[in-house]
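Remarks on the structure that follows.
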Amino acid sequence: MAIHENLLGGVPPTHLPDDPEPRDLLAAGTAPAEVAAKYPASSLAWAQLADDAFAEGRTIESYAFARTGYHRGLDALRRNGWRGQGPIPFEHEPNRGFLRALHALARAAQAIGEQEEYERCTQFLRDSSPTAAETLS
């Protein structure tokens, strides 16, 4: 039996491949803008930019960074077999950049009064990873 095999017959979880370089650079204190410039496909770098902008009160920039990370993450998920539904486990570290960007997008959408987008992203996060929804809230 393969590891992570879904015995209930539902949609199997999606596990993005590991991309340690952006994560290692961010952990070492490299500016998120430098990491995003070097690794523009990294949802993690965009999520960090979104978090930093939001913390500094730059809500519109946070929204833009989060949306970029979200879309880069959707691209990666689709390349790795995701078909628009199914778990995206937060426990699998390479998935965290996408999930953080999704959370950041919901947060920024709520802050600018885009209620439908906030609700859609919040539900998407809960459906993808209850752990992420709880951890990132």
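Chain labels run A, B, ... following the order of the structure tokens; each chain numbers its residues from 1, and ligands are numbered from 1 in the order shown.
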Exercise for the section: Would you kindly return, as number ranges by chain, each protein, DNA or RNA residue with an atom no farther than 12 Å from any atom of His92 in chain A, considering only C-alpha atoms and excluding same-chain residues fewer than 4 positions away? Expected result: A: 4, 13-18, 87-88, 96-99, 129, 131-132
Handout entry: Contacts of range 64-78 of chain A at 9 Å (only C-alpha atoms; same-chain gap of 2+ positions) as a ChimeraX atom specification
Key = /A:14-17,40-51,53,59-62,80-84,88,95,97-106,108
Handout entry: Test item, helix (DSSP H, G or I) assignment across range 14-134 of chain A, answer as a PyMOL selection string
Key = chain A and resi 20-27+32-38+43-55+59-79+93-111+115-128+130-134
Handout entry: From A:Asp52, A:Glu117, A:Asp127, A:Glu21, residue lying nearest Gly86 in chain A [only C-alpha atoms]
Key =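 When distances to Gly86 in chain A are compared using only C-alpha atoms, the smallest one comes from A:Asp127.
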